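Reading through the structure tokens given below for one structure.
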Amino acid sequence: MTSGHGLYIYPWDIMDHDDLPGFAAGLKALGIGRLCMATAYHTGKFLRPHGRDARVYFPQDGAVYVPTDPGGYGAIRPIMAERMPAVDMLRTLHDHGLAISAWTVLFHNTALGTRHPQAACHNAFGDCYPYSLCPSNADVRAYGVALCRDIAAHPYVDDLILETPGWQPFHHGFHHEMSLLSPNAWPDTLLGLCFCDACMDGATRAGVDAAGLRQRVRGHLSSYMARACDGTAAEGGDRLVHAVLGDDALRDFLRWRCGQVTSLVRDIRDAVAGDATLHVIASVQANPVRSWVEGSDLEALSHVCDGLEVCLYGRDTQAIQARFDDVREIVPADRPLRPVLRPAPCDFPDAGAFVAQVDSLSRRGVREFAFYNFGHLRRENLNWIYRALDGLAAPFAGRG
């Protein structure tokens, strides 16, 4: 199993560096033992404070950044990156003491969803969400297992970090995403439920009244959108709890979805066993406890992988600690948790606050951290990592 503190990084940020041995040495001096490199990723618009080739970067949509075997796929095939790091680059980093974790964004893939709309999620009204492939679809599941098997077989990858193995929530930053309704857990959760053919068939075979539930969800959403005003966030949470308590089909459907994601992750673990360990980012939401919205059962997932990677983002340090405590109570004590923190002004006003957060989580038993993300961080923010892990003067002043 890989060990040491991790740093998330994009392949284009690695390709920025001509002196990879020096780059590796600089990261190791910070206390970093592994690079969590994006090996499958979506598009975006990224500001790179110290980027060399471009300060604002637009990644290729839905691309894979390591070689794959074209013969290992069925109806859905990976989109290969037009520009990816050479094997020699990863070998150099590996040989100079950095383990490589393959950060794999699995089903959040607008390019593939657009090519294969029948494999993407569809809401209760039948609207397609191309940004979210459906994990109950057989072709999608086969693609996910094959892709992870290919990535894990890479000679310098010894750990897989799996992100978005489930359904995407309704709000997840789609291009120019627009809604004039206030965020509310009640309609937002219902809008995120998938009722594609695969979900309808699978849930019905499992004994869920999927057809009746879809009809009720349509009615609830139509009624909410016809209201004169929004409900508050607290009222939306109360309404959602009431529905889960009172609607047996909704509760059973949510449990069925969690079973789909858990069984998929188990299949992936079996496919990569012997080549790489497997860690899972169970949720893309601010509070990982709400991972069930995406079909992720934290406790169940912790038993079918080697550990969970828990993203703890936000400026409220007490809330972050509480979220970690909640996850730690849900996930058995013998199952590893690796918190991911952002050492940046978006979450911490200064280095002292970041160091205090790392210290607080360490006193809660955390032994390995990961930090997000090299390309987005200022040089000074990288030095915060050193201060948090070692408490000494910052060594990372140059490009590396």
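Labels for the structure tokens follow display order: chains A, B, ..., residues from 1 in each chain, ligands from 1.
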
Within 10 Å of region 360-372 of chain A, which residues of region 264-336 of chain A come that close, and what is the closest atom pair and distance in Å for each? Count only C-alpha atoms and give it as JSON lines.
```
{"residue": "A:Glu309", "atom": "CA", "partner": "A:Ala370", "partner_atom": "CA", "distance": 8.4}
{"residue": "A:Val310", "atom": "CA", "partner": "A:Ala370", "partner_atom": "CA", "distance": 9.3}
{"residue": "A:Cys311", "atom": "CA", "partner": "A:Ala370", "partner_atom": "CA", "distance": 9.0}
{"residue": "A:Tyr313", "atom": "CA", "partner": "A:Tyr372", "partner_atom": "CA", "distance": 9.8}
{"residue": "A:Thr317", "atom": "CA", "partner": "A:Ser360", "partner_atom": "CA", "distance": 9.8}
{"residue": "A:Ile320", "atom": "CA", "partner": "A:Leu361", "partner_atom": "CA", "distance": 9.6}
{"residue": "A:Gln321", "atom": "CA", "partner": "A:Leu361", "partner_atom": "CA", "distance": 7.2}
{"residue": "A:Phe324", "atom": "CA", "partner": "A:Leu361", "partner_atom": "CA", "distance": 8.2}
{"residue": "A:Asp325", "atom": "CA", "partner": "A:Arg364", "partner_atom": "CA", "distance": 8.3}
{"residue": "A:Arg328", "atom": "CA", "partner": "A:Arg364", "partner_atom": "CA", "distance": 9.4}
{"residue": "A:Pro336", "atom": "CA", "partner": "A:Val366", "partner_atom": "CA", "distance": 8.7}
```

Would you save the residues from that selection as a PDB file, in the first residue's frame, using C-alpha atoms?
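Below is the file that was written, selection.pdb:
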```pdb
ATOM      1  CA  GLU A 309     -10.441   9.866   0.725  1.00  0.00           C
ATOM      2  CA  VAL A 310     -12.560  12.528   2.477  1.00  0.00           C
ATOM      3  CA  CYS A 311     -12.607  16.049   1.031  1.00  0.00           C
ATOM      4  CA  TYR A 313     -13.352  21.993   2.205  1.00  0.00           C
ATOM      5  CA  THR A 317     -12.960  25.017  10.658  1.00  0.00           C
ATOM      6  CA  ILE A 320     -14.835  20.682   8.935  1.00  0.00           C
ATOM      7  CA  GLN A 321     -13.819  18.982  12.146  1.00  0.00           C
ATOM      8  CA  PHE A 324     -14.681  14.440   9.889  1.00  0.00           C
ATOM      9  CA  ASP A 325     -16.004  13.293  13.271  1.00  0.00           C
ATOM     10  CA  ARG A 328     -15.340   8.693  11.508  1.00  0.00           C
ATOM     11  CA  PRO A 336      -8.638   4.132   6.910  1.00  0.00           C
TER      12      PRO A 336
END
```

If you run DSSP on the backbone, which residues of region 151-346 of chain A are strand (DSSP E or B), as an MDAnalysis selection string?
chainID A and resid 159:163 277:281 307:311 337:341

Selection from above, N, CA and C atoms, as a short mmCIF file (atom, residue, chain, number, x, y, z; two decimals), in the first residue's frame, can you write it?
```
data_model
loop_
_atom_site.label_atom_id
_atom_site.label_comp_id
_atom_site.auth_asym_id
_atom_site.auth_seq_id
_atom_site.Cartn_x
_atom_site.Cartn_y
_atom_site.Cartn_z
N ASP A 159 -1.58 2.91 -6.75
CA ASP A 159 -2.78 3.23 -5.97
C ASP A 159 -3.76 3.92 -6.91
N LEU A 160 -5.03 3.60 -6.74
CA LEU A 160 -6.10 4.21 -7.53
C LEU A 160 -6.98 5.01 -6.58
N ILE A 161 -7.23 6.27 -6.89
CA ILE A 161 -8.18 7.10 -6.14
C ILE A 161 -9.39 7.31 -7.04
N LEU A 162 -10.48 6.70 -6.69
CA LEU A 162 -11.67 6.67 -7.53
C LEU A 162 -12.64 7.76 -7.11
N GLU A 163 -12.92 8.69 -8.03
CA GLU A 163 -13.89 9.76 -7.78
C GLU A 163 -15.08 9.59 -8.71
N THR A 277 -3.66 -0.57 -4.92
CA THR A 277 -4.66 -0.41 -3.88
C THR A 277 -5.76 0.52 -4.41
N LEU A 278 -6.88 0.54 -3.72
CA LEU A 278 -8.02 1.32 -4.18
C LEU A 278 -8.57 2.17 -3.05
N HIS A 279 -8.61 3.49 -3.29
CA HIS A 279 -9.25 4.42 -2.37
C HIS A 279 -10.38 5.13 -3.11
N VAL A 280 -11.39 5.54 -2.38
CA VAL A 280 -12.59 6.10 -2.99
C VAL A 280 -12.89 7.46 -2.39
N ILE A 281 -13.10 8.45 -3.27
CA ILE A 281 -13.70 9.72 -2.87
C ILE A 281 -15.21 9.53 -3.00
N GLY A 307 -9.67 2.19 1.61
CA GLY A 307 -9.84 3.38 2.43
C GLY A 307 -10.59 4.45 1.67
N LEU A 308 -11.12 5.41 2.42
CA LEU A 308 -11.85 6.52 1.83
C LEU A 308 -11.01 7.79 1.87
N GLU A 309 -11.08 8.56 0.80
CA GLU A 309 -10.44 9.87 0.73
C GLU A 309 -11.56 10.89 0.97
N VAL A 310 -11.47 11.66 2.04
CA VAL A 310 -12.56 12.53 2.48
C VAL A 310 -12.18 13.99 2.25
N CYS A 311 -12.87 14.64 1.32
CA CYS A 311 -12.61 16.05 1.03
C CYS A 311 -13.26 16.93 2.09
N LEU A 337 -9.17 6.48 6.80
CA LEU A 337 -9.69 7.72 6.23
C LEU A 337 -8.51 8.64 5.93
N ARG A 338 -8.46 9.20 4.70
CA ARG A 338 -7.42 10.16 4.34
C ARG A 338 -8.10 11.50 4.03
N PRO A 339 -8.01 12.47 4.92
CA PRO A 339 -8.61 13.78 4.64
C PRO A 339 -7.86 14.51 3.53
N VAL A 340 -8.62 15.27 2.73
CA VAL A 340 -8.06 16.13 1.70
C VAL A 340 -8.37 17.57 2.09
N LEU A 341 -7.33 18.39 2.19
CA LEU A 341 -7.48 19.79 2.57
C LEU A 341 -6.95 20.69 1.46
#
```

Can you tell me, as a list of chain:residue names, what residues are no more than 9 Å from Ala146 (chain A) when counting only C-alpha atoms, ignoring any on the same chain fewer than 2 positions away?
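Result of the neighbour search: A:Asp69, A:Gly72, A:Tyr73, A:Arg141, A:Ala142, A:Tyr143, A:Gly144, A:Cys148, A:Arg149, A:Asp150, A:Ile151, A:Ile268, A:Ala271.
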
Resulting file, chosen residues, N, CA and C atoms, as a tab-separated table (two decimals), in the first residue's frame:
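Below is the file that was written, selection17.tsv:
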```
chain	number	residue	atom	x	y	z
A	69	ASP	N	-5.86	-0.18	-23.28
A	69	ASP	CA	-5.94	-1.25	-24.27
A	69	ASP	C	-7.25	-1.13	-25.02
A	72	GLY	N	-10.02	-3.83	-24.83
A	72	GLY	CA	-10.63	-4.22	-23.57
A	72	GLY	C	-11.95	-3.57	-23.29
A	73	TYR	N	-12.54	-2.87	-24.28
A	73	TYR	CA	-13.76	-2.10	-24.04
A	73	TYR	C	-14.88	-2.56	-24.96
A	141	ARG	N	-20.91	0.36	-16.47
A	141	ARG	CA	-20.19	-0.43	-15.47
A	141	ARG	C	-19.00	-1.16	-16.11
A	142	ALA	N	-19.22	-1.72	-17.30
A	142	ALA	CA	-18.13	-2.42	-17.98
A	142	ALA	C	-17.01	-1.45	-18.33
A	143	TYR	N	-17.38	-0.25	-18.77
A	143	TYR	CA	-16.38	0.78	-19.06
A	143	TYR	C	-15.59	1.13	-17.81
A	144	GLY	N	-16.29	1.33	-16.69
A	144	GLY	CA	-15.61	1.72	-15.45
A	144	GLY	C	-14.62	0.68	-14.97
A	148	CYS	N	-10.43	1.26	-15.01
A	148	CYS	CA	-9.66	1.14	-13.77
A	148	CYS	C	-8.62	0.03	-13.88
A	149	ARG	N	-8.99	-1.08	-14.52
A	149	ARG	CA	-8.02	-2.16	-14.71
A	149	ARG	C	-6.83	-1.70	-15.55
A	150	ASP	N	-7.11	-0.94	-16.62
A	150	ASP	CA	-6.03	-0.42	-17.47
A	150	ASP	C	-5.12	0.53	-16.70
A	151	ILE	N	-5.73	1.45	-15.97
A	151	ILE	CA	-4.93	2.46	-15.25
A	151	ILE	C	-4.08	1.80	-14.16
A	268	ILE	N	-14.49	-3.31	-9.20
A	268	ILE	CA	-13.26	-2.61	-9.57
A	268	ILE	C	-12.10	-3.06	-8.69
A	271	ALA	N	-10.90	-6.25	-9.91
A	271	ALA	CA	-10.21	-6.14	-11.20
A	271	ALA	C	-8.80	-5.59	-11.06
```

Who sits within 12 Å of Met200 (chain A), only C-alpha atoms, same chain under 3 positions skipped, as a VMD selection string:
chain A and resid 121 to 124 126 134 136 to 137 193 to 197 203 to 214 253 256 to 257

For the residues in the current selection, export C-alpha atoms as a CSV table (one decimal), in the first residue's frame.
```
chain,number,residue,atom,x,y,z
A,121,CYS,CA,-28.7,9.8,-16.3
A,122,HIS,CA,-32.2,10.9,-16.9
A,123,ASN,CA,-34.4,12.7,-14.4
A,124,ALA,CA,-38.0,12.0,-13.5
A,126,GLY,CA,-36.9,12.2,-18.9
A,134,CYS,CA,-25.3,6.1,-14.9
A,136,SER,CA,-26.6,1.0,-13.1
A,137,ASN,CA,-26.1,0.9,-16.9
A,193,LEU,CA,-32.4,11.0,-9.0
A,194,CYS,CA,-31.9,8.9,-12.2
A,195,PHE,CA,-34.9,7.2,-13.8
A,196,CYS,CA,-33.2,5.9,-16.9
A,197,ASP,CA,-34.2,2.6,-18.4
A,203,ALA,CA,-34.9,-1.1,-9.2
A,204,THR,CA,-38.1,-2.8,-10.3
A,205,ARG,CA,-36.5,-6.2,-10.4
A,206,ALA,CA,-35.2,-5.5,-6.9
A,207,GLY,CA,-38.8,-5.0,-5.7
A,208,VAL,CA,-38.9,-1.2,-5.8
A,209,ASP,CA,-42.1,0.5,-7.1
A,210,ALA,CA,-39.9,2.6,-9.5
A,211,ALA,CA,-42.8,3.6,-11.8
A,212,GLY,CA,-44.9,4.9,-8.9
A,213,LEU,CA,-41.9,6.7,-7.4
A,214,ARG,CA,-41.1,8.4,-10.7
A,253,PHE,CA,-34.7,3.2,-4.2
A,256,TRP,CA,-30.8,0.2,-4.1
A,257,ARG,CA,-28.7,3.0,-5.6
```

Tell me, as a list of chain:residue names, which residues lie within 8 Å of Asp16 (chain A), counting only C-alpha atoms; anything in the same chain fewer than 3 positions away does not count.
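Result of the neighbour search: A:Trp12, A:Asp13, A:Gly51, A:Arg52, A:Asp53.
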